[in-house]
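Okay, final.cif is below, mmCIF, C-alpha atoms:
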data_my_file
#
loop_
_atom_site.label_atom_id
_atom_site.label_comp_id
_atom_site.auth_asym_id
_atom_site.auth_seq_id
_atom_site.Cartn_x
_atom_site.Cartn_y
_atom_site.Cartn_z
CA MET A 170 0.00 0.00 0.00
CA TYR A 171 2.89 2.31 0.82
CA LYS A 172 4.23 1.97 -2.71
CA VAL A 173 0.86 2.65 -4.24
CA ARG A 174 0.76 5.94 -2.36
CA VAL A 175 4.29 6.95 -3.39
CA GLY A 176 3.59 6.11 -7.01
CA PHE A 177 0.36 8.03 -7.27
CA LEU A 178 1.63 10.94 -5.17
CA ALA A 179 4.56 11.35 -7.57
CA PHE A 180 2.15 11.25 -10.49
CA ILE A 181 -0.14 13.86 -8.95
CA ILE A 182 2.78 16.20 -8.17
CA LEU A 183 3.91 15.94 -11.78
CA CYS A 184 0.41 16.69 -13.05
CA LEU A 185 -0.08 19.65 -10.72
CA GLY A 186 3.19 21.17 -11.85
CA GLY A 187 1.92 21.07 -15.40
CA CYS A 188 -1.02 23.29 -14.51
CA GLN A 189 0.99 26.10 -12.94
CA SER A 190 1.65 29.39 -14.69
CA ARG A 191 4.87 30.16 -16.52
CA GLY A 192 5.57 33.67 -15.21
CA ASP A 193 4.90 37.03 -16.81
CA ALA A 194 7.59 37.52 -19.44
CA THR A 195 6.52 36.87 -23.02
CA LEU A 196 8.43 34.22 -24.88
CA TYR A 197 9.70 37.02 -27.15
CA GLN A 198 11.31 38.72 -24.14
CA GLN A 199 12.77 35.41 -22.99
CA LEU A 200 14.32 34.98 -26.44
CA GLY A 201 16.10 38.33 -26.03
CA GLU A 202 13.67 40.30 -28.21
CA GLU A 203 14.78 41.49 -31.67
CA ALA A 204 18.53 41.01 -31.18
CA GLY A 205 18.01 37.59 -29.58
CA VAL A 206 15.71 36.31 -32.33
CA GLU A 207 18.05 37.59 -35.07
CA LYS A 208 21.05 35.95 -33.41
CA LEU A 209 19.13 32.66 -33.05
CA VAL A 210 18.06 32.65 -36.70
CA ASP A 211 21.62 33.42 -37.83
CA VAL A 212 22.96 30.48 -35.84
CA ILE A 213 20.27 28.19 -37.31
CA ILE A 214 21.14 29.32 -40.86
CA GLN A 215 24.81 28.66 -40.15
CA LYS A 216 23.96 25.16 -38.87
CA ILE A 217 21.78 24.39 -41.90
CA GLY A 218 24.63 25.57 -44.14
CA ASN A 219 26.94 23.07 -42.49
CA ASN A 220 24.49 20.15 -42.67
CA LYS A 221 24.68 17.94 -45.76
CA GLN A 222 21.39 16.28 -44.88
CA ILE A 223 19.35 19.47 -44.72
CA LEU A 224 21.13 21.93 -47.02
CA PRO A 225 19.72 20.40 -50.27
CA TYR A 226 16.21 21.50 -49.23
CA PHE A 227 17.44 25.07 -49.52
CA LYS A 228 19.01 24.82 -52.97
CA ASP A 229 16.38 27.09 -54.52
CA SER A 230 16.05 29.40 -51.51
CA ASN A 231 16.98 33.03 -51.22
CA ILE A 232 18.77 33.05 -47.87
CA SER A 233 18.12 36.68 -47.01
CA HIS A 234 14.41 36.18 -47.78
CA PHE A 235 14.39 33.04 -45.61
CA ARG A 236 16.21 34.88 -42.80
CA LYS A 237 13.77 37.80 -42.83
CA GLY A 238 10.73 35.52 -42.94
CA PHE A 239 12.01 33.22 -40.19
CA ILE A 240 12.80 36.18 -37.87
CA GLN A 241 9.34 37.63 -38.43
CA HIS A 242 7.70 34.25 -37.97
CA LEU A 243 9.54 33.47 -34.71
CA CYS A 244 8.82 36.97 -33.41
CA SER A 245 5.13 36.52 -34.14
CA VAL A 246 4.96 32.97 -32.74
CA ALA A 247 6.71 34.16 -29.55
CA ASP A 248 4.12 36.93 -28.98
CA GLY A 249 6.52 39.66 -30.12
CA PRO A 250 5.43 42.92 -31.82
CA CYS A 251 5.42 41.40 -35.32
CA GLN A 252 2.86 40.14 -37.78
CA TYR A 253 4.06 37.32 -40.02
CA THR A 254 3.35 38.41 -43.59
CA GLY A 255 5.10 35.62 -45.48
CA ASP A 256 3.68 32.59 -47.27
CA SER A 257 1.86 29.93 -45.26
CA MET A 258 3.80 26.97 -43.88
CA VAL A 259 1.88 24.69 -46.26
CA ASP A 260 2.77 26.80 -49.33
CA ILE A 261 6.44 27.06 -48.37
CA HIS A 262 6.91 23.35 -47.81
CA THR A 263 4.77 21.97 -50.62
CA GLY A 264 6.93 20.06 -53.08
CA MET A 265 9.76 19.64 -50.57
CA HIS A 266 8.59 16.17 -49.48
CA ILE A 267 10.12 16.53 -46.02
CA ASN A 268 10.08 13.19 -44.24
CA GLU A 269 9.84 12.51 -40.52
CA ARG A 270 13.59 12.00 -40.15
CA ASP A 271 14.60 15.26 -41.83
CA PHE A 272 11.90 17.17 -39.95
CA ASN A 273 13.36 15.88 -36.68
CA TYR A 274 16.90 16.71 -37.86
CA VAL A 275 15.85 20.32 -38.30
CA VAL A 276 14.18 20.30 -34.87
CA GLU A 277 17.49 19.10 -33.45
CA LEU A 278 19.41 21.81 -35.35
CA LEU A 279 17.03 24.32 -33.79
CA ILE A 280 17.67 22.84 -30.33
CA ASP A 281 21.43 22.96 -30.98
CA ALA A 282 21.13 26.60 -32.04
CA MET A 283 19.02 27.54 -29.01
CA THR A 284 21.57 25.82 -26.76
CA GLU A 285 24.42 27.65 -28.49
CA VAL A 286 22.86 31.09 -27.97
CA GLY A 287 22.37 30.22 -24.29
CA LEU A 288 18.59 29.81 -24.00
CA SER A 289 17.47 27.79 -20.96
CA THR A 290 15.76 24.41 -21.36
CA PRO A 291 12.31 25.79 -20.35
CA VAL A 292 12.57 28.61 -22.91
CA GLN A 293 13.69 26.12 -25.57
CA ASN A 294 10.72 23.90 -24.74
CA ARG A 295 8.30 26.84 -25.01
CA VAL A 296 9.61 27.56 -28.50
CA LEU A 297 9.21 23.90 -29.48
CA GLN A 298 5.73 23.82 -27.97
CA ARG A 299 4.68 26.79 -30.13
CA LEU A 300 6.20 25.35 -33.31
CA ALA A 301 5.19 21.68 -32.87
CA PRO A 302 1.57 22.11 -34.08
CA MET A 303 2.93 23.31 -37.47
CA ARG A 304 4.42 19.89 -38.19
CA SER A 305 1.38 18.68 -40.10
CA ASP A 306 1.65 21.73 -42.39
CA ILE A 307 5.30 20.91 -43.14
CA LEU A 308 5.63 17.12 -43.24
CA LEU A 309 5.38 15.19 -46.54
CA ARG A 310 3.99 18.09 -48.57
CA MET B 124 15.10 -19.18 -28.65
CA ARG B 125 18.75 -18.19 -28.82
CA LYS B 126 18.14 -18.23 -32.56
CA ALA B 127 15.76 -15.31 -32.20
CA GLY B 128 18.65 -13.11 -31.08
CA TYR B 129 20.80 -14.17 -34.04
CA ILE B 130 17.95 -13.59 -36.45
CA LEU B 131 17.54 -10.03 -35.16
CA VAL B 132 21.26 -9.38 -35.65
CA ILE B 133 21.26 -10.90 -39.14
CA LEU B 134 18.15 -8.96 -40.19
CA ALA B 135 19.71 -5.77 -38.89
CA SER B 136 23.02 -6.49 -40.64
CA ILE B 137 21.20 -6.81 -43.95
CA PHE B 138 19.49 -3.48 -43.45
CA GLN B 139 22.70 -1.98 -42.03
CA ALA B 140 24.46 -2.91 -45.25
CA HIS B 141 22.01 -0.62 -46.99
CA ALA B 142 23.00 2.13 -44.56
CA TRP B 143 19.47 2.61 -43.37
CA ALA B 144 20.38 2.57 -39.68
CA GLY B 145 17.85 4.93 -38.22
CA ASP B 146 18.59 8.04 -36.20
CA GLY B 147 15.57 10.10 -37.23
CA LYS B 148 13.86 10.45 -33.88
CA ILE B 149 14.58 13.20 -31.40
CA LEU B 150 17.16 12.37 -28.73
CA ALA B 151 15.83 10.36 -25.75
CA THR B 152 12.27 10.01 -27.13
CA PRO B 153 12.48 6.22 -27.73
CA GLY B 154 13.09 5.54 -24.03
CA VAL B 155 15.30 2.65 -22.88
CA ALA B 156 15.15 -1.15 -22.52
CA GLN B 157 12.63 -2.71 -20.19
CA ALA B 158 13.35 -5.80 -18.05
CA GLU B 159 11.69 -8.11 -20.61
CA GLY B 160 13.48 -6.49 -23.56
CA SER B 161 10.75 -4.25 -24.94
CA GLY B 162 11.28 -0.54 -25.47
CA GLY B 163 10.11 1.30 -22.38
CA GLY B 164 11.26 2.34 -18.99
CA GLY B 165 13.04 -0.17 -16.76
CA LEU B 166 9.92 -2.02 -15.60
CA VAL B 167 7.15 -0.99 -17.98
CA PRO B 168 6.86 -1.46 -21.76
CA TRP B 169 5.99 1.90 -23.30
CA ALA B 170 4.06 2.84 -26.43
CA GLN B 171 7.28 4.12 -28.02
CA LEU B 172 9.16 1.63 -30.14
CA ALA B 173 12.80 1.07 -29.14
CA GLY B 174 15.47 2.66 -31.33
CA TYR B 175 15.77 5.90 -33.27
CA ALA B 176 14.19 4.70 -36.52
CA ALA B 177 11.77 7.14 -38.12
CA SER B 178 9.04 6.01 -40.51
CA ASP B 179 11.43 5.11 -43.36
CA GLU B 180 14.28 3.71 -41.28
CA ILE B 181 15.23 0.69 -39.19
CA ALA B 182 17.29 0.58 -36.01
CA LEU B 183 18.96 -2.07 -33.88
CA ASN B 184 19.81 -1.81 -30.18
CA GLY B 185 21.68 -4.11 -27.83
CA PHE B 186 21.29 -3.82 -24.09
CA CYS B 187 22.36 -5.27 -20.76
CA SER B 188 20.80 -4.56 -17.37
CA ARG B 189 21.37 -5.66 -13.79
CA ALA B 190 19.05 -5.40 -10.79
CA GLN B 191 20.60 -6.22 -7.42
CA VAL B 192 18.18 -6.45 -4.50
CA SER B 193 18.54 -7.79 -0.95
CA ASP B 194 18.37 -11.53 -1.71
CA TYR B 195 18.38 -11.79 -5.52
CA ARG B 196 20.09 -10.57 -8.64
CA LEU B 197 18.62 -10.30 -12.14
CA ASP B 198 20.82 -9.92 -15.23
CA VAL B 199 19.20 -9.29 -18.60
CA CYS B 200 20.81 -8.88 -22.00
CA GLY B 201 19.08 -8.65 -25.34
CA ALA B 202 18.40 -6.87 -28.60
CA GLN B 203 15.67 -4.67 -30.05
CA LEU B 204 14.91 -4.18 -33.72
CA ASN B 205 12.74 -1.31 -34.93
CA LEU B 206 11.23 -1.62 -38.41
CA TYR B 207 10.03 1.71 -39.81
CA ASP B 208 8.81 2.88 -36.41
CA ARG B 209 5.86 0.56 -36.93
CA VAL B 210 7.05 -2.79 -35.57
CA GLU B 211 9.42 -3.59 -32.73
CA LEU B 212 10.93 -7.07 -32.36
CA SER B 213 12.88 -7.87 -29.22
CA PHE B 214 14.75 -10.67 -27.58
CA ALA B 215 15.90 -10.87 -23.97
CA ARG B 216 17.61 -13.47 -21.83
CA GLN B 217 17.06 -13.16 -18.08
CA LYS B 218 19.31 -14.79 -15.49
CA PHE B 219 17.92 -14.70 -11.99
CA ASP B 220 20.37 -15.58 -9.22
CA VAL B 221 19.10 -16.99 -5.96
CA PRO B 222 22.26 -17.28 -3.82
CA ALA B 223 20.37 -18.77 -0.83
CA LEU B 224 19.48 -21.81 -2.96
CA SER B 225 22.71 -21.70 -4.99
CA THR B 226 20.56 -21.69 -8.08
CA GLN B 227 20.04 -19.60 -11.19
CA LEU B 228 16.76 -19.37 -13.12
CA GLU B 229 16.97 -18.58 -16.82
CA GLN B 230 14.17 -17.22 -18.99
CA ASP B 231 14.06 -16.19 -22.67
CA ILE B 232 11.59 -13.64 -23.94
CA ILE B 233 10.67 -12.71 -27.48
CA GLY B 234 8.61 -9.58 -27.92
CA LEU B 235 6.55 -7.97 -30.63
CA LYS B 236 5.12 -4.48 -30.46
CA VAL B 237 3.10 -2.65 -33.09
CA ARG B 238 2.51 1.09 -33.11
CA LEU B 239 -1.19 1.59 -33.74
CA TYR B 240 -1.48 5.36 -33.60
CA GLY B 241 0.38 8.59 -33.12
CA ASP B 242 3.70 10.09 -32.17
CA ILE B 243 4.54 10.79 -28.54
CA VAL B 244 5.67 14.34 -29.34
CA TYR B 245 3.47 15.57 -32.16
CA SER B 246 0.10 13.81 -32.30
CA ALA B 247 -2.86 15.37 -30.54
CA TRP B 248 -3.66 12.12 -28.73
CA PRO B 249 -1.12 9.85 -27.04
CA GLN B 250 0.85 7.32 -29.04
CA ILE B 251 -0.81 3.89 -28.75
CA SER B 252 0.88 0.52 -29.23
CA ALA B 253 -0.09 -3.11 -28.70
CA GLY B 254 2.47 -5.70 -27.67
CA TRP B 255 3.06 -9.37 -27.03
CA GLN B 256 5.77 -11.05 -24.95
CA HIS B 257 6.35 -14.78 -25.15
CA LYS B 258 8.38 -15.97 -22.16
CA SER B 259 9.84 -19.37 -21.51
CA LEU B 260 11.72 -20.70 -18.49
CA LYS B 261 14.69 -22.92 -19.28
CA ASP B 262 14.18 -25.05 -16.18
CA GLY B 263 10.75 -25.06 -14.57
CA ALA B 264 11.64 -27.04 -11.44
CA VAL B 265 11.45 -24.08 -9.02
CA ALA B 266 8.27 -22.77 -10.64
CA ASN B 267 6.61 -26.18 -10.41
CA LEU B 268 7.74 -26.63 -6.82
CA LEU B 269 6.07 -23.33 -5.89
CA GLY B 270 2.81 -24.41 -7.51
CA ALA B 271 2.98 -22.67 -10.91
CA GLU B 272 0.74 -24.15 -13.60
CA ASP B 273 3.05 -23.50 -16.58
CA THR B 274 6.70 -22.75 -17.28
CA SER B 275 6.01 -20.56 -20.28
CA GLY B 276 3.43 -17.91 -20.98
CA ASP B 277 2.27 -15.06 -23.13
CA ASP B 278 1.61 -11.50 -21.99
CA ILE B 279 -0.32 -9.08 -24.16
CA TYR B 280 -0.47 -5.38 -23.45
CA LEU B 281 -1.79 -2.08 -24.69
CA ALA B 282 0.30 1.04 -23.97
CA ALA B 283 -0.32 4.79 -24.28
CA SER B 284 2.45 7.41 -24.06
CA LYS B 285 2.63 11.17 -24.45
CA LEU B 286 5.38 13.74 -24.12
CA HIS B 287 4.11 17.19 -23.18
CA LEU B 288 6.52 19.92 -24.29
CA GLY B 289 7.27 22.38 -21.50
CA ALA B 290 4.38 21.08 -19.40
CA LEU B 291 6.12 21.01 -16.01
CA GLN B 292 7.41 24.50 -15.24
CA GLY B 293 8.81 24.61 -18.75
CA TYR B 294 10.28 21.10 -18.60
CA ASN B 295 9.10 18.26 -20.83
CA LEU B 296 6.89 15.69 -19.15
CA LEU B 297 6.50 12.12 -20.38
CA TRP B 298 3.87 9.70 -19.12
CA ASN B 299 2.93 6.16 -20.05
CA VAL B 300 0.13 3.85 -18.99
CA THR B 301 0.14 0.16 -19.89
CA ALA B 302 -2.54 -2.49 -19.35
CA ARG B 303 -1.12 -6.02 -19.38
CA TYR B 304 -3.01 -9.31 -19.49
CA THR B 305 -0.74 -11.85 -17.86
CA ALA B 306 -0.46 -15.00 -15.76
CA ALA B 307 3.24 -14.43 -14.97
CA ASN B 308 4.49 -14.95 -11.42
CA GLU B 309 7.33 -12.50 -10.72
CA MET B 310 7.53 -11.66 -14.44
CA GLY B 311 7.50 -15.39 -15.23
CA LEU B 312 10.67 -16.24 -13.28
CA LEU B 313 8.42 -18.25 -10.92
CA GLY B 314 6.32 -19.63 -13.75
CA TYR B 315 2.78 -18.87 -14.90
CA GLY B 316 -0.50 -19.09 -13.05
CA SER B 317 -1.34 -21.65 -10.36
CA ALA B 318 -3.91 -24.38 -9.82
CA SER B 319 -6.52 -21.75 -8.96
CA GLU B 320 -5.37 -18.56 -10.72
CA GLY B 321 -4.90 -17.75 -14.40
CA LYS B 322 -4.51 -14.58 -16.41
CA SER B 323 -5.54 -11.21 -15.06
CA LEU B 324 -5.34 -7.56 -16.10
CA GLN B 325 -2.55 -5.53 -14.46
CA LEU B 326 -1.87 -1.80 -14.75
CA GLU B 327 1.56 -0.27 -15.11
CA SER B 328 2.56 3.37 -15.35
CA SER B 329 5.55 5.65 -15.67
CA ALA B 330 6.18 9.38 -15.50
CA ALA B 331 9.40 11.23 -16.30
CA VAL B 332 10.65 14.78 -16.50
CA PHE B 333 13.46 15.84 -18.83
CA ILE B 334 15.83 18.11 -16.91
CA ASN B 335 17.35 18.90 -20.30
CA ARG B 336 17.70 17.05 -23.61
CA HIS B 337 20.22 14.58 -22.11
CA TRP B 338 18.83 13.80 -18.64
CA ALA B 339 15.51 12.43 -17.46
CA VAL B 340 14.28 11.51 -13.98
CA GLY B 341 11.14 9.55 -13.31
CA VAL B 342 9.11 6.98 -11.45
CA GLU B 343 7.53 3.70 -12.48
CA TYR B 344 4.92 1.45 -10.99
CA ARG B 345 4.03 -2.08 -12.08
CA GLN B 346 1.05 -3.93 -10.66
CA LYS B 347 1.46 -7.70 -10.36
CA PRO B 348 -0.84 -10.61 -9.54
CA ASP B 349 -0.30 -12.96 -6.59
CA ASN B 350 -1.23 -16.24 -8.22
CA LEU B 351 0.98 -18.40 -5.98
CA GLY B 352 -0.20 -16.94 -2.65
CA LEU B 353 3.38 -15.89 -1.83
CA LYS B 354 2.45 -12.26 -1.10
CA GLU B 355 3.85 -11.18 -4.48
CA ASP B 356 4.11 -7.39 -4.47
CA ASP B 357 3.76 -4.65 -7.04
CA TRP B 358 7.06 -3.21 -8.27
CA ALA B 359 8.19 0.41 -8.21
CA ASP B 360 11.29 2.38 -9.10
CA VAL B 361 12.74 5.87 -9.20
CA PHE B 362 15.13 6.32 -12.11
CA VAL B 363 17.56 8.69 -13.75
CA ALA B 364 18.47 8.20 -17.42
CA TRP B 365 21.30 9.78 -19.38
CA PHE B 366 21.24 10.12 -23.17
CA PRO B 367 24.64 11.58 -24.20
CA ASN B 368 23.88 10.83 -27.88
CA LYS B 369 21.76 8.51 -30.03
CA SER B 370 24.27 5.66 -29.81
CA PHE B 371 24.22 5.10 -26.09
CA SER B 372 22.17 5.54 -22.93
CA VAL B 373 22.58 4.68 -19.27
CA THR B 374 19.76 4.23 -16.76
CA ALA B 375 20.19 3.92 -13.00
CA ALA B 376 17.34 3.29 -10.60
CA TYR B 377 16.40 2.55 -7.04
CA VAL B 378 13.98 -0.38 -7.15
CA ASP B 379 11.47 -1.68 -4.62
CA LEU B 380 10.37 -5.19 -5.60
CA GLY B 381 8.64 -5.96 -2.28
CA THR B 382 8.30 -9.62 -1.30
CA ILE B 383 9.70 -12.20 -3.76
CA ALA B 384 9.09 -15.91 -3.06
CA GLY B 385 8.49 -15.20 0.62
CA ALA B 386 11.58 -13.00 1.11
CA PRO B 387 10.37 -9.50 2.07
CA ASP B 388 11.79 -6.01 1.44
CA GLN B 389 13.62 -6.66 -1.82
CA THR B 390 15.02 -3.20 -2.47
CA GLY B 391 18.18 -2.29 -4.30
CA TRP B 392 19.80 -0.87 -7.42
CA TYR B 393 19.27 -1.18 -11.14
CA LEU B 394 21.72 -0.26 -13.88
CA SER B 395 21.11 -0.57 -17.61
CA PHE B 396 23.08 0.23 -20.77
CA VAL B 397 21.58 0.49 -24.25
CA GLY B 398 23.75 0.79 -27.36
CA SER B 399 22.56 1.44 -30.92
CA LEU B 400 24.12 0.45 -34.22
#
Translate this file's structure into structure tokens.
Amino acid sequence: MYKVRVGFLAFIILCLGGCQSRGDATLYQQLGEEAGVEKLVDVIIQKIGNNKQILPYFKDSNISHFRKGFIQHLCSVADGPCQYTGDSMVDIHTGMHINERDFNYVVELLIDAMTEVGLSTPVQNRVLQRLAPMRSDILLR
Amino acid sequence: MRKAGYILVILASIFQAHAWAGDGKILATPGVAQAEGSGGGGLVPWAQLAGYAASDEIALNGFCSRAQVSDYRLDVCGAQLNLYDRVELSFARQKFDVPALSTQLEQDIIGLKVRLYGDIVYSAWPQISAGWQHKSLKDGAVANLLGAEDTSGDDIYLAASKLHLGALQGYNLLWNVTARYTAANEMGLLGYGSASEGKSLQLESSAAVFINRHWAVGVEYRQKPDNLGLKEDDWADVFVAWFPNKSFSVTAAYVDLGTIAGAPDQTGWYLSFVGSL
């Protein structure tokens, strides 16, 4: 009986934690606002440029256009003072046939980049949480 | 059953030759190797399939684990093959030392798991898998002596898992719930069923928090039947797992296995290594 209690208590504590608030700062502020988002996107672009697996997806891309769109998109997704005006995620990724593996590779490049610019694990997870629902617009289009 | 292990290695070698060895899942999301060889936590088979294979890849893992409690020691080694993140095949050999009787019980387990729905990270609903474990004792003398009906048995289970990004104060939370239909006494090491008891439904669950992408801490709970009337207890553990990269992981745990074959308070340590091709 003792073990039953410990097991369920641990489970309840974990669940309660999930319901608590995340503080007042917007994710945009936690990312370091404009300078932070720009720095993050630059590191991601650098990592994509060095990745043989992912770089081919960008062979027809205008990098400065991609950079501008990604900064605006991240700013908007993170509740920053921006409105994303670029093409939809579906339109951008249609014809790219991105599979599960390469999608996850890019997620890991993003995590690497966020680690490199010094974002904490909770801030990284908030970014991933905001971006994760877009997967179905990106995968296998 | 030793053949099953070789077959896994041969199958994987064929696929390996085509350089399809999978690493397309996100670090740590496949979990580790469970005591019966399935992908999971240490005690509980999870809905995730073992190995880093994404939907167009295959992956092969090898693992070895040791649990040392007050009066017993369990060593398990085995292999896990993931085919296209749809099917998991596993093989495990358990060696259970009983120093008081100067004896060792040996059991082989082959496992099959099929992912029915979802992805633990991305799908709206939890990932769901169904699994089967066929277990067979090499020597059933101890099991028979204790009143077990059979020396081999089949468990079937249904598992649900979900990883919630940032759910616990910004940290990722993973949970799993598994329902297992089984007649196994002490996981089958003491045989299957008894003269009066057969299969029953048992619930198992796990919860873990990722401190960062490389480290997870968690708890597990595994309900067990008491078919032999030996006060068989549920099992529980508290674990920490380290995923330095996709080739290797280490899990350490404090385990509480309760009363085993009349010997109470079987607590101790668990250590497990998983390596990927």
Do you know which residues are at most 7 Å from Asp194 in chain B counting all atoms listed in the file, after dropping those on the same chain fewer than 2 positions away, and could you put them as a PDB file with C-alpha atoms, in the coordinates of the input?
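Result file follows (out-v2.pdb):
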ATOM      1  CA  VAL B 192      18.180  -6.450  -4.500  1.00  0.00           C
ATOM      2  CA  VAL B 221      19.100 -16.990  -5.960  1.00  0.00           C
ATOM      3  CA  GLN B 389      13.620  -6.660  -1.820  1.00  0.00           C
TER       4      GLN B 389
END
At most 10 Å to chain A: residues in chain B, all atoms listed in the file, as number ranges by chain: B: 145-150, 175-180, 244-247, 287-298, 328-336, 341-346, 356-361, 379-381
Could you tell me which residues the PyMOL selection byres ((chain B and resi 127) around 12) grabs in this file, written as a list in words?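 This file gives the following for the PyMOL selection byres ((chain B and resi 127) around 12): Met124, Arg125, Lys126, Gly128, Tyr129, Ile130, Leu131, Val132, Ile133, Leu134, Gly201, Ala202, Gln203, Leu204, Leu212, Ser213, Phe214, Ala215, Arg216, Asp231, Ile232, Ile233, Gly234, Leu235 and His257 of chain B.
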Env of range 310-326 of chain B: 8 Å cut, atoms = only C-alpha atoms, seq-sep filter 4 positions within chain, self excluded. Answer as a ChimeraX atom specification. /B:219,228-230,258-260,263,265-267,269-276,300-306,345-348,350-351
With distances taken over only C-alpha atoms, which of B:Asn308, B:Thr226, B:Ser188, B:Ser399 is nearest to Ala384 in chain B?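 Smallest distance to Ala384 in chain B is found for B:Asn308.
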Between CA of Gly201 in chain A and CA of Pro250 in chain A, measure the distance and give it in Å to one decimal. 13.0 Å
Figure out the distance between CA of Leu268 in chain B and CA of Leu353 in chain B, please, to one decimal in Å.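 Interatomic distance, CA of Leu353 in chain B to CA of Leu268 in chain B: 12.6 Å.
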Between CA of Lys216 in chain A and CA of Leu278 in chain A, measure the distance and give it in Å to one decimal.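 Distance reported for this atom pair: 6.7 Å.
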Within 9 Å of Trp392 in chain B, counting all atoms listed in the file, which residues show up once you throw out same-chain ones fewer than 3 positions away? Write them as a list in words, please.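 Once the adjacent positions are removed, what remains is Arg189, Ala190, Gln191, Val192, Ala375, Ala376, Tyr377, Val378 and Asp379 of chain B.
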Writing out the chosen residues with C-alpha atoms as a PDB file, in the coordinates of the input:
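Output (selection-v1.pdb):
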ATOM      1  CA  ARG B 189      21.370  -5.660 -13.790  1.00  0.00           C
ATOM      2  CA  ALA B 190      19.050  -5.400 -10.790  1.00  0.00           C
ATOM      3  CA  GLN B 191      20.600  -6.220  -7.420  1.00  0.00           C
ATOM      4  CA  VAL B 192      18.180  -6.450  -4.500  1.00  0.00           C
ATOM      5  CA  ALA B 375      20.190   3.920 -13.000  1.00  0.00           C
ATOM      6  CA  ALA B 376      17.340   3.290 -10.600  1.00  0.00           C
ATOM      7  CA  TYR B 377      16.400   2.550  -7.040  1.00  0.00           C
ATOM      8  CA  VAL B 378      13.980  -0.380  -7.150  1.00  0.00           C
ATOM      9  CA  ASP B 379      11.470  -1.680  -4.620  1.00  0.00           C
TER      10      ASP B 379
END
Using only C-alpha atoms, determine which residues lie at most 12 Å from Ser230 in chain A, disregarding the query and same-chain residues fewer than 3 positions distant; provide the list as JSON, numbers by chain. {"A": [214, 218, 224, 225, 226, 227, 233, 234, 235, 236, 238, 261, 262, 265]}
Residue IDs satisfying the PyMOL selection byres ((chain A and resi 241) around 8), as a list in words: Lys237, Gly238, Phe239, Ile240, His242, Leu243, Cys244, Ser245, Cys251, Gln252, Tyr253 and Thr254 of chain A
Which residue out of B:Pro387, B:Gly352, B:Pro367, B:Gly254 has the minimum interatomic distance to Gly163 in chain B when all atoms listed in the file are used?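 Of all the options, B:Gly254 lies closest to Gly163 in chain B.
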Which residue is closest to Gly185 in chain B? Choose from B:Gln171, B:Gln227, B:Asn205, B:Gln250 and count all atoms listed in the file. B:Asn205
Residue with smallest distance to Leu309 in chain A - pool A:Glu202, A:Asp211, A:Thr263, A:Ser257, counting all atoms listed in the file: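 Counting all atoms listed in the file, the residue closest to Leu309 in chain A is A:Thr263.
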Residue rebuild result range 239-247 of chain A, N, CA, C and O atoms as an mmCIF file, in the frame of the given file:
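Full text of part_14.cif as output:
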data_model
loop_
_atom_site.group_PDB
_atom_site.id
_atom_site.type_symbol
_atom_site.label_atom_id
_atom_site.label_comp_id
_atom_site.auth_asym_id
_atom_site.auth_seq_id
_atom_site.Cartn_x
_atom_site.Cartn_y
_atom_site.Cartn_z
ATOM 1 N N PHE A 239 11.884 34.052 -41.392
ATOM 2 C CA PHE A 239 12.010 33.220 -40.190
ATOM 3 C C PHE A 239 12.022 34.110 -38.938
ATOM 4 O O PHE A 239 11.364 33.802 -37.928
ATOM 5 N N ILE A 240 12.747 35.252 -39.015
ATOM 6 C CA ILE A 240 12.800 36.180 -37.870
ATOM 7 C C ILE A 240 11.385 36.702 -37.557
ATOM 8 O O ILE A 240 10.947 36.693 -36.403
ATOM 9 N N GLN A 241 10.695 37.098 -38.617
ATOM 10 C CA GLN A 241 9.340 37.630 -38.430
ATOM 11 C C GLN A 241 8.392 36.553 -37.876
ATOM 12 O O GLN A 241 7.580 36.825 -36.986
ATOM 13 N N HIS A 242 8.546 35.350 -38.400
ATOM 14 C CA HIS A 242 7.700 34.250 -37.970
ATOM 15 C C HIS A 242 7.925 33.914 -36.496
ATOM 16 O O HIS A 242 6.983 33.793 -35.705
ATOM 17 N N LEU A 243 9.202 33.776 -36.108
ATOM 18 C CA LEU A 243 9.540 33.470 -34.710
ATOM 19 C C LEU A 243 9.053 34.569 -33.781
ATOM 20 O O LEU A 243 8.497 34.296 -32.707
ATOM 21 N N CYS A 244 9.257 35.819 -34.203
ATOM 22 C CA CYS A 244 8.820 36.970 -33.410
ATOM 23 C C CYS A 244 7.311 36.903 -33.166
ATOM 24 O O CYS A 244 6.836 37.067 -32.054
ATOM 25 N N SER A 245 6.583 36.596 -34.229
ATOM 26 C CA SER A 245 5.130 36.520 -34.140
ATOM 27 C C SER A 245 4.677 35.331 -33.276
ATOM 28 O O SER A 245 3.812 35.464 -32.397
ATOM 29 N N VAL A 246 5.308 34.181 -33.501
ATOM 30 C CA VAL A 246 4.960 32.970 -32.740
ATOM 31 C C VAL A 246 5.250 33.147 -31.250
ATOM 32 O O VAL A 246 4.556 32.609 -30.391
ATOM 33 N N ALA A 247 6.290 33.961 -30.941
ATOM 34 C CA ALA A 247 6.710 34.160 -29.550
ATOM 35 C C ALA A 247 5.991 35.350 -28.906
ATOM 36 O O ALA A 247 6.446 35.857 -27.876
#
